[in-house]
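So this one's query.txt, compact mmCIF, C-alpha atoms:
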```txt
# COMPACT_ATOMS: atom_id res chain seq x y z
CA MET A 3 38.49 33.68 10.37
CA THR A 4 40.59 30.91 8.95
CA SER A 5 40.77 29.39 5.51
CA SER A 6 43.13 27.22 3.56
CA HIS A 7 44.49 30.04 1.41
CA GLY A 8 45.21 33.24 3.31
CA PHE A 9 43.15 36.20 4.45
CA HIS A 10 39.61 35.49 3.32
CA PRO A 11 36.81 33.45 4.88
CA TYR A 12 36.12 31.20 1.88
CA HIS A 13 36.84 27.50 1.79
CA LEU A 14 38.87 26.72 -1.34
CA VAL A 15 38.50 22.98 -1.54
CA ASP A 16 41.37 20.59 -2.27
CA MET A 17 41.47 18.13 -5.13
CA SER A 18 39.16 15.22 -4.40
CA PRO A 19 38.34 11.99 -6.27
CA TRP A 20 34.82 11.68 -4.79
CA PRO A 21 32.91 13.83 -7.31
CA LEU A 22 34.34 11.58 -10.02
CA THR A 23 33.66 8.26 -8.24
CA GLY A 24 30.21 9.58 -7.29
CA SER A 25 29.32 10.46 -10.89
CA ILE A 26 30.63 7.18 -12.25
CA SER A 27 28.76 5.13 -9.67
CA ALA A 28 25.56 7.15 -10.19
CA MET A 29 25.76 6.38 -13.91
CA MET A 30 26.44 2.75 -13.03
CA LEU A 31 23.40 2.78 -10.73
CA THR A 32 20.99 3.86 -13.48
CA THR A 33 22.55 1.44 -15.96
CA GLY A 34 22.50 -1.30 -13.34
CA LEU A 35 18.79 -0.69 -12.68
CA ILE A 36 18.00 -1.02 -16.40
CA LYS A 37 20.14 -4.16 -16.58
CA TRP A 38 18.26 -5.58 -13.61
CA PHE A 39 14.84 -4.72 -15.09
CA HIS A 40 15.65 -6.19 -18.49
CA GLN A 41 17.92 -9.12 -17.72
CA TYR A 42 16.99 -10.00 -14.11
CA ASN A 43 20.65 -9.63 -13.24
CA MET A 44 21.61 -7.46 -10.24
CA ASN A 45 25.43 -7.62 -10.39
CA LEU A 46 26.00 -4.13 -11.86
CA LEU A 47 23.35 -2.68 -9.50
CA ILE A 48 24.99 -4.20 -6.42
CA LEU A 49 28.45 -3.08 -7.56
CA SER A 50 27.20 0.49 -8.11
CA ILE A 51 25.46 0.63 -4.72
CA PHE A 52 28.71 -0.52 -3.12
CA ALA A 53 30.66 2.16 -5.04
CA ILE A 54 28.15 4.86 -4.02
CA LEU A 55 28.30 3.82 -0.37
CA LEU A 56 32.11 3.97 -0.47
CA THR A 57 31.99 7.43 -2.10
CA MET A 58 29.46 8.72 0.43
CA TYR A 59 31.48 7.43 3.38
CA GLN A 60 34.77 8.89 2.22
CA TRP A 61 33.39 12.20 0.92
CA TRP A 62 31.53 12.95 4.14
CA ARG A 63 34.51 11.76 6.19
CA ASP A 64 36.60 14.37 4.34
CA ILE A 65 33.98 17.08 4.96
CA THR A 66 33.98 16.21 8.68
CA ARG A 67 37.77 16.52 8.72
CA GLU A 68 37.66 19.89 6.92
CA GLY A 69 34.84 21.32 9.02
CA THR A 70 35.43 19.86 12.45
CA PHE A 71 39.20 19.31 12.64
CA GLN A 72 40.69 21.84 10.17
CA GLY A 73 38.26 24.67 10.98
CA LEU A 74 37.61 25.41 7.33
CA HIS A 75 33.86 25.90 7.84
CA THR A 76 33.87 29.59 8.70
CA SER A 77 30.65 31.52 9.33
CA VAL A 78 30.58 32.49 5.65
CA VAL A 79 31.02 28.86 4.58
CA ILE A 80 28.29 27.79 7.02
CA LYS A 81 25.96 30.31 5.39
CA GLY A 82 26.57 28.56 2.07
CA LEU A 83 26.04 25.13 3.60
CA ARG A 84 22.72 26.28 5.10
CA TRP A 85 21.57 27.69 1.76
CA GLY A 86 22.58 24.45 0.08
CA MET A 87 20.48 22.44 2.51
CA ILE A 88 17.50 24.81 2.13
CA LEU A 89 17.60 24.52 -1.66
CA PHE A 90 18.00 20.74 -1.43
CA ILE A 91 14.94 20.44 0.81
CA ALA A 92 13.00 22.79 -1.50
CA SER A 93 13.77 20.45 -4.39
CA GLU A 94 12.59 17.51 -2.25
CA VAL A 95 9.31 19.36 -1.62
CA LEU A 96 8.82 19.59 -5.40
CA PHE A 97 9.66 15.88 -5.71
CA PHE A 98 6.80 14.98 -3.35
CA PHE A 99 4.56 17.64 -4.92
CA SER A 100 4.54 15.58 -8.11
CA PHE A 101 3.27 12.47 -6.28
CA PHE A 102 0.51 14.46 -4.59
CA TRP A 103 -0.35 15.89 -8.00
CA ALA A 104 -0.67 12.35 -9.41
CA PHE A 105 -2.80 11.34 -6.42
CA PHE A 106 -5.20 14.29 -6.67
CA HIS A 107 -5.37 13.97 -10.45
CA SER A 108 -6.52 10.38 -10.04
CA SER A 109 -8.77 10.76 -7.00
CA LEU A 110 -10.60 14.10 -7.47
CA ALA A 111 -12.24 13.07 -10.78
CA PRO A 112 -11.87 9.27 -10.91
CA THR A 113 -12.08 7.87 -14.43
CA ILE A 114 -14.56 5.31 -15.75
CA GLU A 115 -11.80 2.67 -15.71
CA ILE A 116 -12.04 2.64 -11.89
CA GLY A 117 -15.83 3.04 -11.89
CA MET A 118 -15.71 6.81 -11.21
CA ASN A 119 -15.17 5.97 -7.54
CA TRP A 120 -12.38 6.68 -5.01
CA PRO A 121 -11.14 4.43 -3.59
CA PRO A 122 -11.79 2.21 -6.62
CA TYR A 123 -14.38 -0.56 -6.30
CA GLY A 124 -12.73 -3.64 -4.74
CA ILE A 125 -9.91 -1.76 -2.96
CA GLN A 126 -9.88 -1.93 0.84
CA PRO A 127 -7.75 0.98 2.09
CA PHE A 128 -6.10 1.05 5.52
CA ASN A 129 -8.06 2.28 8.51
CA PRO A 130 -6.40 5.69 9.08
CA PHE A 131 -7.09 5.56 12.81
CA GLN A 132 -5.03 2.47 13.45
CA ILE A 133 -1.30 2.19 12.51
CA PRO A 134 -1.22 5.41 10.42
CA LEU A 135 -2.48 7.49 13.37
CA LEU A 136 0.06 5.80 15.67
CA ASN A 137 2.76 6.64 13.12
CA THR A 138 1.58 10.27 13.10
CA THR A 139 2.06 10.51 16.86
CA ILE A 140 5.46 8.78 16.57
CA LEU A 141 6.76 11.24 13.98
CA LEU A 142 5.33 14.27 15.82
CA SER A 143 6.99 13.03 19.04
CA SER A 144 10.28 12.55 17.19
CA GLY A 145 10.00 16.17 16.00
CA ALA A 146 9.75 17.20 19.67
CA THR A 147 12.69 15.01 20.76
CA VAL A 148 14.95 16.33 17.97
CA THR A 149 14.19 19.89 19.20
CA TRP A 150 15.05 18.75 22.71
CA ALA A 151 18.36 17.42 21.33
CA HIS A 152 19.04 20.76 19.63
CA HIS A 153 18.49 22.68 22.87
CA ALA A 154 20.65 20.18 24.78
CA ILE A 155 23.47 20.77 22.27
CA MET A 156 23.11 24.56 22.51
CA GLU A 157 23.31 24.29 26.30
CA ALA A 158 26.29 21.89 26.02
CA ASN A 159 24.34 19.21 27.92
CA HIS A 160 26.00 16.13 26.44
CA THR A 161 24.01 13.56 28.45
CA GLN A 162 20.60 14.92 27.46
CA ALA A 163 21.74 15.45 23.85
CA ILE A 164 22.72 11.78 23.60
CA GLN A 165 19.48 10.64 25.26
CA SER A 166 17.13 12.82 23.20
CA LEU A 167 18.85 12.17 19.87
CA GLY A 168 18.93 8.44 20.67
CA LEU A 169 15.20 8.57 21.40
CA THR A 170 14.59 10.40 18.09
CA ILE A 171 16.43 7.68 16.19
CA LEU A 172 14.49 4.93 18.00
CA LEU A 173 11.19 6.65 17.12
CA GLY A 174 12.31 6.88 13.48
CA PHE A 175 13.21 3.21 13.49
CA TYR A 176 9.88 2.31 15.12
CA PHE A 177 8.04 4.27 12.40
CA THR A 178 9.87 2.31 9.69
CA LEU A 179 9.09 -0.97 11.47
CA LEU A 180 5.36 -0.18 11.62
CA GLN A 181 5.31 0.90 7.97
CA ALA A 182 7.01 -2.37 7.00
CA PHE A 183 4.39 -4.29 8.97
CA GLU A 184 1.62 -2.28 7.27
CA TYR A 185 3.09 -3.00 3.83
CA ILE A 186 3.29 -6.75 4.56
CA GLU A 187 -0.32 -6.80 5.79
CA ALA A 188 -1.67 -4.62 2.96
CA PRO A 189 -4.71 -6.11 1.15
CA PHE A 190 -3.67 -4.34 -2.10
CA THR A 191 -0.37 -4.03 -4.01
CA ILE A 192 1.35 -1.41 -6.15
CA ALA A 193 -0.17 -3.21 -9.16
CA ASP A 194 -3.77 -2.85 -7.92
CA SER A 195 -5.21 0.11 -9.85
CA VAL A 196 -4.09 3.72 -9.71
CA PHE A 197 -4.93 3.67 -6.00
CA GLY A 198 -2.19 1.12 -5.31
CA SER A 199 0.24 2.94 -7.63
CA THR A 200 -0.19 6.41 -6.14
CA PHE A 201 -0.38 5.04 -2.58
CA PHE A 202 2.79 2.97 -2.68
CA VAL A 203 4.85 5.42 -4.74
CA ALA A 204 4.01 8.31 -2.38
CA THR A 205 4.28 6.42 0.93
CA GLY A 206 7.22 4.33 -0.36
CA PHE A 207 9.32 7.37 -1.26
CA HIS A 208 8.38 8.90 2.09
CA GLY A 209 9.52 5.70 3.81
CA LEU A 210 12.81 5.88 1.90
CA HIS A 211 13.24 9.47 3.14
CA VAL A 212 12.52 8.38 6.72
CA ILE A 213 15.29 5.79 6.38
CA ILE A 214 17.66 8.43 4.94
CA GLY A 215 16.70 10.88 7.72
CA THR A 216 17.21 8.23 10.41
CA SER A 217 20.66 7.44 8.96
CA PHE A 218 21.50 11.17 8.92
CA LEU A 219 20.48 11.43 12.61
CA LEU A 220 22.40 8.24 13.40
CA ILE A 221 25.57 9.77 11.91
CA CYS A 222 24.93 12.86 14.07
CA PHE A 223 24.54 10.55 17.07
CA LEU A 224 27.93 8.95 16.40
CA ARG A 225 29.54 12.37 15.80
CA MET A 226 27.99 13.59 19.02
CA PHE A 227 29.46 10.56 20.78
CA PHE A 228 32.89 11.55 19.41
CA CYS A 229 32.30 15.17 20.52
CA HIS A 230 32.26 16.71 17.03
CA PHE A 231 29.56 19.22 18.00
CA SER A 232 30.05 22.34 20.09
CA SER A 233 27.31 24.51 21.55
CA ASN A 234 27.72 27.08 18.76
CA HIS A 235 28.94 24.98 15.81
CA HIS A 236 26.82 21.97 14.85
CA VAL A 237 25.74 22.55 11.25
CA GLY A 238 25.58 18.80 10.49
CA PHE A 239 23.07 18.32 13.27
CA GLU A 240 21.00 21.33 12.18
CA ALA A 241 20.84 20.04 8.63
CA ALA A 242 19.72 16.61 9.90
CA ALA A 243 17.06 18.23 12.10
CA TRP A 244 15.74 20.34 9.19
CA TYR A 245 15.61 17.24 7.04
CA TRP A 246 13.79 15.34 9.78
CA HIS A 247 11.18 18.08 10.15
CA PHE A 248 10.70 18.03 6.37
CA VAL A 249 10.06 14.26 6.44
CA ASP A 250 7.64 14.82 9.33
CA VAL A 251 5.66 17.47 7.42
CA VAL A 252 5.45 15.27 4.31
CA TRP A 253 3.98 12.54 6.51
CA LEU A 254 1.30 14.90 7.85
CA PHE A 255 0.21 15.63 4.27
CA LEU A 256 0.32 11.93 3.40
CA TYR A 257 -1.74 11.12 6.46
CA VAL A 258 -4.40 13.79 5.98
CA PHE A 259 -4.85 13.45 2.22
CA ILE A 260 -3.90 9.92 1.18
CA TYR A 261 -4.69 7.85 4.31
CA TRP A 262 -7.58 9.83 5.76
CA TRP A 263 -9.35 11.76 2.98
CA GLY A 264 -8.28 9.33 0.25
CA GLY A 265 -9.29 6.23 2.20
CA MET B 17 -36.29 8.87 -26.41
CA ASN B 18 -37.90 7.64 -23.22
CA ALA B 19 -40.88 5.35 -22.71
CA GLU B 20 -43.27 8.25 -22.08
CA SER B 21 -42.48 10.14 -25.26
CA GLY B 22 -42.69 6.81 -27.12
CA GLY B 23 -46.26 6.48 -25.80
CA THR B 24 -47.09 10.03 -26.86
CA GLN B 25 -45.88 9.33 -30.37
CA LEU B 26 -48.00 6.19 -30.54
CA LEU B 27 -51.03 8.26 -29.50
CA LEU B 28 -50.17 10.81 -32.19
CA LEU B 29 -49.97 8.07 -34.80
CA LEU B 30 -53.40 6.77 -33.74
CA LEU B 31 -54.92 10.24 -33.98
CA LEU B 32 -53.43 10.75 -37.44
CA ALA B 33 -54.69 7.32 -38.52
CA ARG B 34 -58.25 8.29 -37.46
CA LYS B 35 -58.03 11.42 -39.60
CA GLY B 36 -56.83 9.29 -42.51
CA GLU B 37 -53.39 10.91 -42.47
CA VAL B 38 -51.27 7.85 -41.75
CA PRO B 39 -47.57 8.78 -42.14
CA THR B 40 -45.43 6.77 -44.51
CA MET B 41 -42.95 4.22 -43.16
CA SER B 42 -39.97 6.51 -43.66
CA GLU B 43 -41.75 9.34 -41.89
CA ALA B 44 -42.48 7.04 -38.96
CA ILE B 45 -38.85 6.01 -38.75
CA MET B 46 -37.72 9.63 -38.95
CA SER B 47 -40.05 10.80 -36.20
CA SER B 48 -39.56 7.92 -33.76
CA GLN B 49 -35.92 6.84 -34.08
CA MET B 50 -33.78 9.74 -35.25
CA GLU B 51 -33.17 10.97 -31.73
CA THR B 52 -30.00 11.12 -29.66
CA ALA B 53 -29.44 11.31 -25.89
CA PRO B 54 -30.60 14.62 -24.42
CA PHE B 55 -28.29 17.06 -22.66
CA ASP B 56 -27.75 16.01 -19.06
CA PRO B 57 -26.58 18.86 -16.79
CA ARG B 58 -24.64 16.40 -14.63
CA PHE B 59 -22.25 16.04 -17.58
CA PRO B 60 -21.85 19.56 -19.00
CA ASN B 61 -18.51 18.96 -20.74
CA GLN B 62 -17.86 18.21 -24.36
CA ASN B 63 -16.36 14.90 -23.23
CA GLN B 64 -19.41 12.68 -22.64
CA THR B 65 -17.47 9.60 -21.46
CA LYS B 66 -18.90 9.78 -17.95
CA TYR B 67 -22.46 10.29 -19.25
CA CYS B 68 -22.02 7.09 -21.28
CA TYR B 69 -20.61 5.10 -18.36
CA GLN B 70 -23.16 6.36 -15.84
CA SER B 71 -26.03 5.45 -18.16
CA TYR B 72 -24.63 1.94 -18.63
CA VAL B 73 -24.37 1.51 -14.84
CA ASP B 74 -27.83 3.05 -14.27
CA PHE B 75 -29.40 0.68 -16.80
CA HIS B 76 -28.06 -2.41 -15.04
CA ARG B 77 -28.87 -1.07 -11.58
CA CYS B 78 -32.38 -0.24 -12.76
CA GLN B 79 -32.90 -3.74 -14.13
CA LYS B 80 -31.50 -5.32 -10.99
CA LEU B 81 -33.84 -3.23 -8.83
CA LYS B 82 -37.01 -3.33 -10.97
CA GLY B 83 -36.58 -6.49 -13.02
CA GLU B 84 -35.81 -6.93 -16.71
CA GLU B 85 -39.43 -6.33 -17.76
CA TYR B 86 -39.58 -2.83 -16.27
CA GLU B 87 -39.95 -0.61 -19.31
CA PRO B 88 -38.54 2.75 -17.98
CA CYS B 89 -35.08 1.12 -17.57
CA GLN B 90 -34.87 1.11 -21.35
CA TYR B 91 -34.34 4.88 -21.25
CA PHE B 92 -30.80 4.38 -19.88
CA LYS B 93 -30.09 1.77 -22.52
CA LYS B 94 -31.19 4.17 -25.26
CA VAL B 95 -28.78 6.77 -23.83
CA PHE B 96 -25.71 4.55 -23.59
CA ARG B 97 -26.51 2.92 -26.93
CA SER B 98 -26.51 6.40 -28.40
CA VAL B 99 -23.51 7.87 -26.55
CA CYS B 100 -21.12 4.94 -25.97
CA PRO B 101 -18.79 3.43 -28.55
CA ASN B 102 -20.01 -0.14 -29.23
CA ALA B 103 -16.59 -1.58 -28.35
CA TRP B 104 -16.86 -0.15 -24.83
CA VAL B 105 -20.29 -1.68 -24.31
CA GLU B 106 -19.03 -5.06 -25.50
CA LYS B 107 -16.04 -4.80 -23.15
CA TRP B 108 -18.26 -3.89 -20.18
CA ASP B 109 -20.71 -6.70 -20.98
CA GLU B 110 -17.79 -9.12 -20.83
CA GLN B 111 -16.54 -7.56 -17.58
CA LEU B 112 -20.01 -7.87 -16.03
CA GLU B 113 -20.06 -11.54 -17.00
CA ASN B 114 -16.66 -12.40 -15.56
CA GLY B 115 -17.11 -10.17 -12.50
CA SER B 116 -14.40 -7.61 -13.27
CA PHE B 117 -16.67 -4.63 -13.96
CA PRO B 118 -15.37 -1.71 -11.86
CA SER B 119 -18.75 -0.55 -10.47
CA LYS B 120 -21.22 -2.13 -8.07
CA ILE B 121 -24.44 -2.96 -9.89
```
Can you give me the file's structure in the form of structure tokens?
Amino acid sequence: MTSSHGFHPYHLVDMSPWPLTGSISAMMLTTGLIKWFHQYNMNLLILSIFAILLTMYQWWRDITREGTFQGLHTSVVIKGLRWGMILFIASEVLFFFSFFWAFFHSSLAPTIEIGMNWPPYGIQPFNPFQIPLLNTTILLSSGATVTWAHHAIMEANHTQAIQSLGLTILLGFYFTLLQAFEYIEAPFTIADSVFGSTFFVATGFHGLHVIIGTSFLLICFLRMFFCHFSSNHHVGFEAAAWYWHFVDVVWLFLYVFIYWWGG
Amino acid sequence: MNAESGGTQLLLLLLLARKGEVPTMSEAIMSSQMETAPFDPRFPNQNQTKYCYQSYVDFHRCQKLKGEEYEPCQYFKKVFRSVCPNAWVEKWDEQLENGSFPSKI
């Protein structure tokens, strides 16, 4: 086992500016959002997004250097990284739980303001057996291809790993494309009753997570291209795959309850 | 108070009149009008908002189906007049007029 400071397996991190730049730009992001909402001026928001992107790029570049090139991610460190990812995904589950709570609160006993009906009178929901069903098959297929990629990595089959991970990313991109099309064609907006609010907040945050997950997989694709992953050390890929499965499961709940039952 | 019980009370008044025991005006008011909406087991909660709304909708659906002259529809009106805040009824009347009422009549 190697580490930066002698005979123990722990990774004692070096001084880094990224926690500081990350905190400052996160504060700038919230302030910039308020400034945008109140003054219709996006300059602070754009600056903060740029600062966050720079922080993310450099922080994760450093982590890749420490883990892949300096060998600082020992089996004990990996255990911590895995737990970190598990707890992060658990907190994401709770995040989506709140939107489902809002949805069921509004739909199980609809108030008189929406005519005690769900969907509310005048709302035309999507047909769940058209694009949403296609999107369900796309995400389920992408779950299969990401597992294929994992097995290809474990068997050190670089060609198949590149192909299957590339296919996963394409499926993720196709999902986003279809959702964008669905949003453009939607006969209701986020401002049309509590149906529109709960629908677009829940599916919108899911869409954001699909984009984040696709980016995560895309980074893994590039790292795979540069041979960062070995058959027994590919924590970054595993974390991306877990995240992707999480996004997939959230979609299944969205599909069954909001698109199908709720439509 | 529904149309049927209104008829029964009228019959009772006629019987009393024949016996020469015509009730006074105040007694008549007390017996015929001091009545609130009955308990409806579809709305068992203390919050009667949905009972109010449903009765308002039922009244207008009843009138649409049976015509404005159909007396039994008045039962629903008596209920929502008794249970609903007047401001709500005024708001819904306006919504019905401008086509923004949230239920199909």
Give me the segment 113-212 of chain A side of the contact with segment 65-82 of chain B, cut-off 9 Å, one line per residue showing its nearest atom pair and distance in Å at one decimal, counting all atoms listed in the file, sorted by chain and residue number, as a tab-separated table.
```
residue	atom	partner	partner_atom	distance
A:Thr113	CA	B:Lys66	CA	7.9
A:Ile114	CA	B:Tyr69	CA	6.6
A:Gly117	CA	B:Tyr69	CA	8.3
A:Met118	CA	B:Lys66	CA	8.0
```
- Message: I need the residue nearest chain B from this list: A:Trp120, A:Trp253, A:Phe106, A:Phe39. Use all atoms listed in the file for the distance.
- Response: A:Trp120
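Rounded to one decimal, atom CA of Gly124 of chain A and atom CA of Tyr257 of chain A lie 21.5 Å from each other.
Residues in contact with Val95 of chain B at 8 Å, where only C-alpha atoms are counted and same-chain residues fewer than 3 positions away are skipped, are listed as B:Thr52, B:Ala53, B:Cys68, B:Ser71, B:Tyr91, B:Phe92, B:Ser98, B:Val99.
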- re atom CA of Glu184 of chain A and atom CA of Gly198 of chain A: distance 13.6 Å
- Message: As an exercise, work out the distance from atom CA of Ile192 of chain A to atom CA of Asn129 of chain A in Å and give it to one decimal place.
- Response: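 Straight-line distance from atom CA of Ile192 of chain A to atom CA of Asn129 of chain A works out to 17.8 Å.
Among B:Phe55, B:Arg97, B:Gln64, B:Gly83, the residue with the shortest atom-to-atom distance to chain A, counting all atoms listed in the file, is B:Gln64.
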- Find, counting only C-alpha atoms, the residue in A:Ala111, A:His208, A:His152, A:Thr139 that gets nearest to Gln165 of chain A.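 When distances to Gln165 of chain A are compared using only C-alpha atoms, the smallest one comes from A:His152.
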- Query: Pick from A:Ser232, A:Arg225, A:Phe101, A:Pro122: nearest to Gly206 of chain A, with only C-alpha atoms counted?
  - Reply: A:Phe101
- Query: Near Thr138 of chain A, counting only C-alpha atoms, which residues have an atom at most 9 Å away, once you skip same-chain residues fewer than 3 positions from it, shown as a list in words?
  - Reply: Ile133, Pro134, Leu135, Leu141, Leu142, Ser143, Phe177, Asp250, Trp253, Leu254 and Tyr257 of chain A
